[in-house]
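Shown next: model.pdb, containing PDB, C-alpha atoms.
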```pdb
ATOM      1  CA  MET A1450     105.344  18.396  18.059
ATOM      2  CA  ALA A1451     101.749  17.800  16.976
ATOM      3  CA  MET A1452     102.581  14.265  15.838
ATOM      4  CA  GLU A1453     104.204  13.499  19.182
ATOM      5  CA  ASP A1454     101.118  14.760  21.012
ATOM      6  CA  PHE A1455      98.911  12.586  18.830
ATOM      7  CA  SER A1456     101.079   9.540  19.530
ATOM      8  CA  ASP A1457     100.936  10.252  23.253
ATOM      9  CA  PHE A1458      97.150  10.547  23.023
ATOM     10  CA  ILE A1459      96.895   7.137  21.323
ATOM     11  CA  GLU A1460      99.105   5.596  23.984
ATOM     12  CA  ASP A1461      97.247   7.217  26.890
ATOM     13  CA  MET A1462      93.839   6.129  25.560
ATOM     14  CA  GLU A1463      95.184   2.628  24.790
ATOM     15  CA  LEU A1464      93.856   2.715  21.236
ATOM     16  CA  GLN A1465      94.621  -0.023  18.714
ATOM     17  CA  ASP A1466      95.217   0.176  14.974
ATOM     18  CA  LEU A1467      93.294  -2.419  12.975
ATOM     19  CA  PRO A1468      94.854  -4.439  10.136
ATOM     20  CA  LEU A1469      94.020  -3.012   6.719
ATOM     21  CA  THR A1470      92.558  -5.313   4.068
ATOM     22  CA  GLY A1471      92.398  -4.600   0.356
ATOM     23  CA  GLY A1472      95.647  -2.632   0.161
ATOM     24  CA  SER A1473      98.522  -1.073   2.073
ATOM     25  CA  PHE A1474      97.993   2.653   1.433
ATOM     26  CA  THR A1475      95.049   5.022   1.758
ATOM     27  CA  TRP A1476      96.496   8.058  -0.050
ATOM     28  CA  ARG A1477      98.203   8.259  -3.399
ATOM     29  CA  LYS A1478      99.412  11.156  -5.539
ATOM     30  CA  TRP A1479     101.399  11.466  -8.741
ATOM     31  CA  ARG A1480     104.123  14.129  -8.774
ATOM     32  CA  LYS A1481     104.651  15.354 -12.296
ATOM     33  CA  GLY A1482     107.978  17.025 -11.570
ATOM     34  CA  ASP A1483     109.572  13.989  -9.963
ATOM     35  CA  ARG A1484     107.615  11.576 -12.168
ATOM     36  CA  GLN A1485     106.951   9.280  -9.299
ATOM     37  CA  ASP A1486     103.938   7.863  -7.531
ATOM     38  CA  ILE A1487     103.805   8.731  -3.823
ATOM     39  CA  ALA A1488     101.672   6.601  -1.528
ATOM     40  CA  ALA A1489     101.126   6.567   2.219
ATOM     41  CA  ARG A1490      98.709   5.284   4.820
ATOM     42  CA  LEU A1491      97.219   8.472   6.224
ATOM     43  CA  ASP A1492      93.742   7.248   7.173
ATOM     44  CA  ARG A1493      92.837   4.585   9.722
ATOM     45  CA  PHE A1494      90.362   3.551  12.385
ATOM     46  CA  LEU A1495      91.562   3.431  15.994
ATOM     47  CA  ILE A1496      89.531   1.377  18.447
ATOM     48  CA  SER A1497      89.551   0.837  22.198
ATOM     49  CA  GLU A1498      89.773  -2.476  24.008
ATOM     50  CA  GLU A1499      86.087  -2.245  24.971
ATOM     51  CA  TRP A1500      85.143  -1.844  21.302
ATOM     52  CA  GLU A1501      87.167  -4.915  20.344
ATOM     53  CA  VAL A1502      85.455  -6.951  23.062
ATOM     54  CA  SER A1503      82.000  -5.813  21.929
ATOM     55  CA  PHE A1504      82.640  -6.568  18.240
ATOM     56  CA  ARG A1505      84.669  -9.727  17.715
ATOM     57  CA  LYS A1506      84.568  -9.688  13.904
ATOM     58  CA  ILE A1507      85.683  -6.110  13.410
ATOM     59  CA  LYS A1508      87.855  -5.199  10.407
ATOM     60  CA  GLN A1509      88.656  -2.234   8.163
ATOM     61  CA  SER A1510      89.027  -2.398   4.399
ATOM     62  CA  ILE A1511      89.854  -0.028   1.543
ATOM     63  CA  LEU A1512      87.200   1.077  -0.942
ATOM     64  CA  PRO A1513      87.880   2.381  -4.478
ATOM     65  CA  ARG A1514      88.582   6.086  -4.918
ATOM     66  CA  VAL A1515      86.047   8.252  -6.752
ATOM     67  CA  THR A1516      87.161  11.896  -6.836
ATOM     68  CA  SER A1517      89.450  12.342  -3.830
ATOM     69  CA  ASP A1518      93.081  11.249  -3.657
ATOM     70  CA  HIS A1519      92.165   9.413  -0.445
ATOM     71  CA  ASN A1520      90.622   5.960  -0.439
ATOM     72  CA  PRO A1521      87.493   5.700   1.718
ATOM     73  CA  LEU A1522      87.663   3.157   4.522
ATOM     74  CA  LEU A1523      84.900   0.765   5.491
ATOM     75  CA  LEU A1524      84.623  -0.403   9.102
ATOM     76  CA  GLU A1525      82.767  -3.710   9.468
ATOM     77  CA  CYS A1526      81.728  -4.818  12.936
ATOM     78  CA  GLY A1527      80.096  -8.163  12.178
ATOM     79  CA  ASN A1528      76.613  -8.993  13.379
ATOM     80  CA  TRP A1529      74.936  -6.348  15.505
ATOM     81  CA  GLU A1530      73.137  -7.371  18.634
ATOM     82  CA  LYS A1531      69.407  -6.876  18.530
ATOM     83  CA  GLN A1532      68.486  -3.488  19.940
ATOM     84  CA  THR A1533      65.370  -2.640  21.910
ATOM     85  CA  SER A1534      62.602  -1.659  19.509
ATOM     86  CA  TYR A1535      61.264   1.862  19.638
ATOM     87  CA  PHE A1536      57.879   2.612  21.167
ATOM     88  CA  LYS A1537      54.870   2.487  18.852
ATOM     89  CA  PHE A1538      51.403   3.671  19.829
ATOM     90  CA  GLU A1539      48.790   1.312  18.395
ATOM     91  CA  ASN A1540      45.504   2.970  17.497
ATOM     92  CA  TRP A1541      43.491  -0.112  18.439
ATOM     93  CA  TRP A1542      44.382   0.627  22.075
ATOM     94  CA  LEU A1543      41.945   3.542  21.927
ATOM     95  CA  GLN A1544      39.087   1.156  21.122
ATOM     96  CA  THR A1545      39.552  -0.704  24.412
ATOM     97  CA  GLN A1546      36.782   0.248  26.835
ATOM     98  CA  ASP A1547      38.916   0.774  29.944
ATOM     99  CA  PHE A1548      41.872   2.372  28.141
ATOM    100  CA  ASN A1549      41.427   5.909  29.510
ATOM    101  CA  GLU A1550      40.906   4.614  33.039
ATOM    102  CA  ARG A1551      44.097   2.561  32.808
ATOM    103  CA  ILE A1552      46.031   5.630  31.676
ATOM    104  CA  LYS A1553      44.791   7.588  34.697
ATOM    105  CA  VAL A1554      45.700   4.795  37.108
ATOM    106  CA  TRP A1555      49.191   4.304  35.647
ATOM    107  CA  TRP A1556      49.849   8.041  35.491
ATOM    108  CA  ASN A1557      48.926   8.618  39.137
ATOM    109  CA  SER A1558      50.428   5.380  40.475
ATOM    110  CA  VAL A1559      53.938   6.797  41.000
ATOM    111  CA  THR A1560      55.159  10.097  42.423
ATOM    112  CA  TYR A1561      58.532  11.528  41.417
ATOM    113  CA  VAL A1562      60.539  14.324  43.027
ATOM    114  CA  GLY A1563      62.456  16.865  40.964
ATOM    115  CA  ARG A1564      61.983  19.497  38.309
ATOM    116  CA  PRO A1565      58.621  19.510  36.503
ATOM    117  CA  ASP A1566      60.202  18.525  33.173
ATOM    118  CA  TYR A1567      62.030  15.626  34.857
ATOM    119  CA  ILE A1568      58.776  14.440  36.462
ATOM    120  CA  LEU A1569      56.986  14.600  33.099
ATOM    121  CA  ALA A1570      59.772  12.631  31.380
ATOM    122  CA  CYS A1571      59.760   9.925  34.076
ATOM    123  CA  LYS A1572      55.995   9.512  33.925
ATOM    124  CA  LEU A1573      56.041   9.256  30.137
ATOM    125  CA  LYS A1574      58.702   6.527  30.334
ATOM    126  CA  LEU A1575      56.627   4.673  32.915
ATOM    127  CA  LEU A1576      53.560   4.999  30.706
ATOM    128  CA  LYS A1577      55.418   3.440  27.758
ATOM    129  CA  VAL A1578      56.471   0.456  29.874
ATOM    130  CA  LYS A1579      52.945  -0.061  31.200
ATOM    131  CA  LEU A1580      51.429   0.154  27.717
ATOM    132  CA  LYS A1581      53.881  -2.412  26.327
ATOM    133  CA  GLU A1582      53.223  -4.839  29.184
ATOM    134  CA  TRP A1583      49.460  -4.403  28.933
ATOM    135  CA  SER A1584      49.469  -4.830  25.142
ATOM    136  CA  LYS A1585      51.596  -7.982  25.334
ATOM    137  CA  THR A1586      49.348  -9.457  28.007
ATOM    138  CA  LEU A1587      46.221  -8.642  26.031
ATOM    139  CA  HIS A1588      47.266  -9.760  22.551
ATOM    140  CA  GLY A1589      50.668 -11.467  22.881
ATOM    141  CA  ASN A1590      53.491 -10.926  20.369
ATOM    142  CA  LEU A1591      52.080  -8.424  17.875
ATOM    143  CA  GLY A1592      55.190  -8.568  15.705
ATOM    144  CA  LEU A1593      54.785 -12.301  15.138
ATOM    145  CA  GLN A1594      51.051 -11.956  14.539
ATOM    146  CA  LYS A1595      51.680  -9.159  12.063
ATOM    147  CA  GLN A1596      54.213 -11.252  10.143
ATOM    148  CA  CYS A1597      51.810 -14.190   9.965
ATOM    149  CA  THR A1598      49.070 -11.887   8.707
ATOM    150  CA  LEU A1599      51.378 -10.428   6.070
ATOM    151  CA  ASN A1600      52.241 -13.925   4.874
ATOM    152  CA  GLN A1601      48.551 -14.722   4.519
ATOM    153  CA  LEU A1602      48.022 -11.506   2.572
ATOM    154  CA  ALA A1603      50.843 -12.473   0.235
ATOM    155  CA  ASP A1604      49.086 -15.782  -0.470
ATOM    156  CA  LEU A1605      45.841 -13.953  -1.225
ATOM    157  CA  ASP A1606      47.611 -11.733  -3.744
ATOM    158  CA  LEU A1607      46.649 -14.112  -6.547
ATOM    159  CA  ILE A1608      42.971 -13.782  -5.719
ATOM    160  CA  GLN A1609      42.432 -10.193  -4.645
ATOM    161  CA  ASP A1610      43.985  -6.885  -5.616
ATOM    162  CA  GLN A1611      47.033  -6.311  -3.394
ATOM    163  CA  ARG A1612      46.572  -2.578  -3.379
ATOM    164  CA  THR A1613      43.157  -2.875  -1.730
ATOM    165  CA  LEU A1614      44.571  -5.142   0.931
ATOM    166  CA  CYS A1615      47.456  -2.778   1.633
ATOM    167  CA  ASP A1616      45.044   0.114   2.068
ATOM    168  CA  ARG A1617      43.081  -1.864   4.651
ATOM    169  CA  LYS A1618      46.212  -3.159   6.339
ATOM    170  CA  GLY A1619      47.846   0.240   6.595
ATOM    171  CA  THR A1620      45.180   1.978   8.659
ATOM    172  CA  GLY A1621      45.640   2.450  12.371
ATOM    173  CA  ILE A1622      49.283   1.351  12.683
ATOM    174  CA  GLN A1623      52.119   3.343  14.238
ATOM    175  CA  ASN A1624      50.088   6.572  14.435
ATOM    176  CA  THR A1625      51.592   7.936  17.601
ATOM    177  CA  SER A1626      50.291  11.488  17.159
ATOM    178  CA  ILE A1627      46.615  10.502  17.226
ATOM    179  CA  GLY A1628      47.038   8.416  20.349
ATOM    180  CA  LEU A1629      49.032  11.048  22.175
ATOM    181  CA  GLN A1630      46.542  13.751  21.229
ATOM    182  CA  THR A1631      43.737  11.583  22.602
ATOM    183  CA  ILE A1632      45.530  11.175  25.918
ATOM    184  CA  THR A1633      46.683  14.777  26.266
ATOM    185  CA  ARG A1634      43.326  16.205  25.202
ATOM    186  CA  GLY A1635      41.858  15.189  28.556
ATOM    187  CA  GLU A1636      42.883  16.023  32.079
ATOM    188  CA  VAL A1637      45.235  13.054  32.595
ATOM    189  CA  ILE A1638      48.640  14.685  32.109
ATOM    190  CA  LYS A1639      47.595  18.324  31.797
ATOM    191  CA  GLU A1640      49.019  19.363  35.166
ATOM    192  CA  GLU A1641      52.473  17.867  34.511
ATOM    193  CA  VAL A1642      52.711  19.288  30.969
ATOM    194  CA  VAL A1643      51.758  22.809  32.061
ATOM    195  CA  ALA A1644      54.238  22.655  34.957
ATOM    196  CA  ALA A1645      57.036  21.522  32.618
ATOM    197  CA  ILE A1646      56.310  24.346  30.163
ATOM    198  CA  GLN A1647      56.226  26.882  33.003
ATOM    199  CA  ASN A1648      59.567  25.553  34.242
ATOM    200  CA  PHE A1649      61.025  25.974  30.741
ATOM    201  CA  HIS A1650      59.753  29.558  30.721
ATOM    202  CA  ASP A1651      61.460  30.267  34.052
ATOM    203  CA  GLN A1652      64.697  28.269  33.651
ATOM    204  CA  GLY A1653      65.246  28.276  29.880
ATOM    205  CA  ASN A1654      66.014  24.527  29.648
ATOM    206  CA  PHE A1655      64.269  21.167  29.844
ATOM    207  CA  GLU A1656      64.973  17.453  30.218
ATOM    208  CA  LYS A1657      67.482  16.174  27.651
ATOM    209  CA  SER A1658      65.274  13.250  26.626
ATOM    210  CA  PHE A1659      62.650  15.664  25.253
ATOM    211  CA  ASN A1660      65.200  16.778  22.652
ATOM    212  CA  ALA A1661      65.639  13.270  21.231
ATOM    213  CA  THR A1662      64.820  12.748  17.557
ATOM    214  CA  PHE A1663      64.033   9.496  15.769
ATOM    215  CA  ILE A1664      65.061   9.278  12.112
ATOM    216  CA  SER A1665      62.867   6.953  10.048
ATOM    217  CA  LEU A1666      63.273   5.936   6.403
ATOM    218  CA  ILE A1667      60.014   5.813   4.446
ATOM    219  CA  PRO A1668      60.195   3.703   1.255
ATOM    220  CA  LYS A1669      59.158   5.530  -1.912
ATOM    221  CA  LYS A1670      58.250   2.337  -3.756
ATOM    222  CA  VAL A1671      57.676  -1.360  -3.223
ATOM    223  CA  GLY A1672      60.914  -3.310  -2.920
ATOM    224  CA  ALA A1673      63.013  -0.285  -1.943
ATOM    225  CA  TYR A1674      66.664  -1.271  -1.621
ATOM    226  CA  GLU A1675      69.009   1.643  -2.340
ATOM    227  CA  LEU A1676      69.282   4.795  -0.242
ATOM    228  CA  LYS A1677      67.677   6.909  -2.976
ATOM    229  CA  ASP A1678      64.542   4.751  -2.693
ATOM    230  CA  PHE A1679      63.813   6.084   0.800
ATOM    231  CA  THR A1680      62.664   9.427   2.170
ATOM    232  CA  PRO A1681      64.088  10.261   5.618
ATOM    233  CA  ILE A1682      61.741  11.913   8.096
ATOM    234  CA  SER A1683      62.478  13.257  11.553
ATOM    235  CA  LEU A1684      60.117  12.288  14.383
ATOM    236  CA  ILE A1685      60.204  14.399  17.536
ATOM    237  CA  GLY A1686      58.274  14.313  20.781
ATOM    238  CA  SER A1687      55.078  16.263  21.390
ATOM    239  CA  PHE A1688      56.623  18.271  24.241
ATOM    240  CA  TYR A1689      59.329  19.549  21.884
ATOM    241  CA  LYS A1690      56.628  20.514  19.374
ATOM    242  CA  ILE A1691      54.792  22.501  22.048
ATOM    243  CA  ILE A1692      57.965  24.343  23.062
ATOM    244  CA  SER A1693      58.883  25.094  19.441
ATOM    245  CA  LYS A1694      55.446  26.577  18.758
ATOM    246  CA  ILE A1695      55.717  28.767  21.852
ATOM    247  CA  LEU A1696      59.145  30.013  20.773
ATOM    248  CA  ARG A1697      57.820  30.779  17.294
ATOM    249  CA  LEU A1698      55.233  33.105  18.848
ATOM    250  CA  LYS A1699      58.051  35.366  20.041
ATOM    251  CA  ARG A1700      58.716  36.488  16.471
ATOM    252  CA  VAL A1701      55.116  37.567  15.854
ATOM    253  CA  MET A1702      54.131  38.852  19.298
ATOM    254  CA  PRO A1703      55.210  42.455  18.533
ATOM    255  CA  LYS A1704      52.695  42.466  15.661
ATOM    256  CA  LEU A1705      49.888  41.170  17.889
ATOM    257  CA  VAL A1706      50.330  43.625  20.768
ATOM    258  CA  ASP A1707      49.218  47.213  20.252
ATOM    259  CA  ASP A1708      51.678  50.034  20.823
ATOM    260  CA  GLN A1709      49.395  51.429  23.543
ATOM    261  CA  GLN A1710      49.622  48.255  25.658
ATOM    262  CA  MET A1711      52.008  48.976  28.521
ATOM    263  CA  ALA A1712      51.493  46.320  31.195
ATOM    264  CA  PHE A1713      53.011  42.826  30.993
ATOM    265  CA  ILE A1714      55.127  43.717  27.926
ATOM    266  CA  LYS A1715      58.916  43.397  27.928
ATOM    267  CA  GLY A1716      60.577  46.813  27.775
ATOM    268  CA  ARG A1717      57.408  48.666  28.807
ATOM    269  CA  GLN A1718      56.017  49.737  32.184
ATOM    270  CA  ILE A1719      52.479  50.376  33.348
ATOM    271  CA  MET A1720      53.704  53.681  34.807
ATOM    272  CA  ASP A1721      54.167  54.925  31.230
ATOM    273  CA  ALA A1722      50.398  54.800  30.719
ATOM    274  CA  ILE A1723      49.843  56.708  33.962
ATOM    275  CA  LEU A1724      52.292  59.410  32.876
ATOM    276  CA  VAL A1725      50.584  59.729  29.481
ATOM    277  CA  ALA A1726      47.171  60.080  31.152
ATOM    278  CA  ASN A1727      48.569  62.701  33.526
ATOM    279  CA  GLU A1728      50.014  64.690  30.614
ATOM    280  CA  CYS A1729      46.664  64.595  28.810
ATOM    281  CA  VAL A1730      44.907  66.021  31.876
ATOM    282  CA  ASP A1731      47.547  68.749  32.285
ATOM    283  CA  VAL A1732      47.251  69.789  28.631
ATOM    284  CA  ARG A1733      43.481  70.072  28.925
ATOM    285  CA  THR A1734      43.748  71.988  32.183
ATOM    286  CA  ILE A1735      46.260  74.488  30.814
ATOM    287  CA  SER A1736      44.423  75.042  27.514
ATOM    288  CA  LYS A1737      41.078  75.466  29.321
ATOM    289  CA  ASP A1738      39.332  73.894  26.321
ATOM    290  CA  PRO A1739      36.086  72.095  27.171
ATOM    291  CA  GLY A1740      36.247  68.319  27.154
ATOM    292  CA  ILE A1741      35.130  65.082  28.809
ATOM    293  CA  LEU A1742      37.359  62.730  30.800
ATOM    294  CA  CYS A1743      36.207  59.093  30.739
ATOM    295  CA  LYS A1744      37.726  56.680  33.298
ATOM    296  CA  LEU A1745      37.257  52.959  32.662
ATOM    297  CA  ASP A1746      37.442  50.527  35.563
ATOM    298  CA  ILE A1747      39.539  47.570  34.354
ATOM    299  CA  GLU A1748      40.393  46.272  37.812
ATOM    300  CA  LYS A1749      39.080  42.766  37.031
ATOM    301  CA  ALA A1750      40.013  42.584  33.351
ATOM    302  CA  TYR A1751      42.273  39.577  33.936
ATOM    303  CA  ASP A1752      39.877  37.543  36.076
ATOM    304  CA  HIS A1753      38.016  36.027  33.118
ATOM    305  CA  LEU A1754      38.934  35.201  29.540
ATOM    306  CA  ASN A1755      36.530  34.392  26.721
ATOM    307  CA  TRP A1756      38.367  31.715  24.744
ATOM    308  CA  GLU A1757      35.943  31.900  21.803
ATOM    309  CA  TYR A1758      36.775  35.570  21.363
ATOM    310  CA  LEU A1759      40.498  34.826  21.699
ATOM    311  CA  TRP A1760      40.436  32.029  19.089
ATOM    312  CA  SER A1761      38.355  34.174  16.736
ATOM    313  CA  THR A1762      40.825  37.049  17.047
ATOM    314  CA  LEU A1763      43.839  34.800  16.435
ATOM    315  CA  THR A1764      42.133  33.226  13.411
ATOM    316  CA  ARG A1765      41.561  36.650  11.857
ATOM    317  CA  MET A1766      45.240  37.395  12.438
ATOM    318  CA  GLY A1767      46.214  34.367  10.380
ATOM    319  CA  PHE A1768      46.763  31.656  13.001
ATOM    320  CA  GLY A1769      45.682  28.098  12.218
ATOM    321  CA  ASN A1770      43.953  25.545  14.414
ATOM    322  CA  THR A1771      47.253  24.095  15.681
TER     323      THR A1771
END
```

Could you render the structure as structure tokens?
Amino acid sequence: MAMEDFSDFIEDMELQDLPLTGGSFTWRKWRKGDRQDIAARLDRFLISEEWEVSFRKIKQSILPRVTSDHNPLLLECGNWEKQTSYFKFENWWLQTQDFNERIKVWWNSVTYVGRPDYILACKLKLLKVKLKEWSKTLHGNLGLQKQCTLNQLADLDLIQDQRTLCDRKGTGIQNTSIGLQTITRGEVIKEEVVAAIQNFHDQGNFEKSFNATFISLIPKKVGAYELKDFTPISLIGSFYKIISKILRLKRVMPKLVDDQQMAFIKGRQIMDAILVANECVDVRTISKDPGILCKLDIEKAYDHLNWEYLWSTLTRMGFGNT
């Protein structure tokens, strides 16, 4: 019954089975009792018509077995179309005199309607487009210029130490964190970021694009070719980093808040403090022991906050600068 359902699924989805090159079977096993070699084609790639149209030179082939009794299959799709390159923040942008003013103008040039996290995501996308257009207008094709410069450096390798040149060449390129910190440190996008974080606190979710992760392979040595020669790193957005740090605070908050703090704490009520104070007065009244009752006026305790005191306290508790 399961096989019939699978066949119906293939027919309903209009999937196609590709020709197999390099052999006829993908599974093979030797039965000692029967002394015969059993082989079958159990593994295959099924593609849709849209996939076949997108990749004209698609084919599947058998690879040699290593430990399993199944042969691995390799799906080749021919030449891939060039994809849009990912966004890179160039540090030299920060050295432009009117850079901060341009950021403010671009950021406030468009108004979006929707949830705060959606508005923040849309404005960040717009900012990327504006930065790319401005950079291309100002300095043209940076990729081509970079390649030409690298070729010149290769020619100078016979004259000057290549390591020194690489050290000079490697500074200030693709450092997105520094650029983003410079922008977010000011008042340009503060309002939108705070609103998005507040919305996450209230709703428990945020824009899907903030959860995107870019996987980059960093070569361990010059001339890296095999997979073992690279170190994969995961690059995530700054908004996700902010949210993750806030969530991490939840695990240590019980250690930071004193047991006597009643207000604004989950599971506690300010009325508990009033009841405790009332019991203390009753005990003193009944015992008739002499004593002094001191009442502190904390009506405006939340009107002002000394950040230097707060940072100093958190530092003594073990928190870092970030």

| message | Nearest residue to Ser1665 (chain A) out of A:His1519, A:Lys1690, A:Tyr1535, A:Ala1722, using all atoms listed in the file? | response |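 Going through A:His1519, A:Lys1690, A:Tyr1535, A:Ala1722 one by one, the smallest distance to Ser1665 (chain A) is for A:Tyr1535.
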
| note | What separates CA of Ser1503 (chain A) and CA of Ile1459 (chain A) is a distance of 19.7 Å

| query | Which value, in Å to one decimal, gives the distance between CA of Lys1574 (chain A) and CA of Ser1658 (chain A)? | reply |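 Computing it gives 10.1 Å between the two atoms.
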
| request: Provide the CA of Phe1659 (chain A) to CA of Leu1573 (chain A) distance in Å, to one decimal place. | output: 10.4 Å

| query | Residues picked by the PyMOL selection byres ((chain A and resi 1691) around 12) here, as a list in words? | reply |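 This file gives the following for the PyMOL selection byres ((chain A and resi 1691) around 12): Thr1633, Val1642, Val1643, Ala1645, Ile1646, Gln1647, Phe1649, Phe1659, Asn1660, Ile1685, Gly1686, Ser1687, Phe1688, Tyr1689, Lys1690, Ile1692, Ser1693, Lys1694, Ile1695, Leu1696, Arg1697, Leu1698 and Thr1771 of chain A.
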
Can you sort out the box for region 1493-1503 of chain A, edges along x, y and z, all listed atoms in, 4 Å on every side, with centre and edge lengths in Å to one decimal, as AutoDock Vina command-line options?
```
--center_x 87.4 --center_y -1.2 --center_z 17.3 --size_x 18.8 --size_y 19.5 --size_z 23.2
```

| said: Selection in question (the file shown): the PyMOL selection byres ((chain A and resi 1558-1570) around 6). Which residues does it include, as a list in words? | reply: Val1554, Trp1555, Trp1556, Asn1557, Cys1571, Lys1572, Leu1573, Glu1641, Ala1644, Ala1645, Phe1655 and Glu1656 of chain A

| request: To verify the selection step, state as an MDAnalysis selection string which residues the PyMOL selection byres ((chain A and resi 1471) around 8) yields on this input. | output: chainID A and resid 1469:1470 1472:1473 1510:1512

| said: I need the residue nearest Met1462 (chain A) from this list: A:Leu1587, A:Glu1498, A:Arg1477, A:Ala1489. Use all atoms listed in the file for the distance. | reply: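 When distances to Met1462 (chain A) are compared using all atoms listed in the file, the smallest one comes from A:Glu1498.
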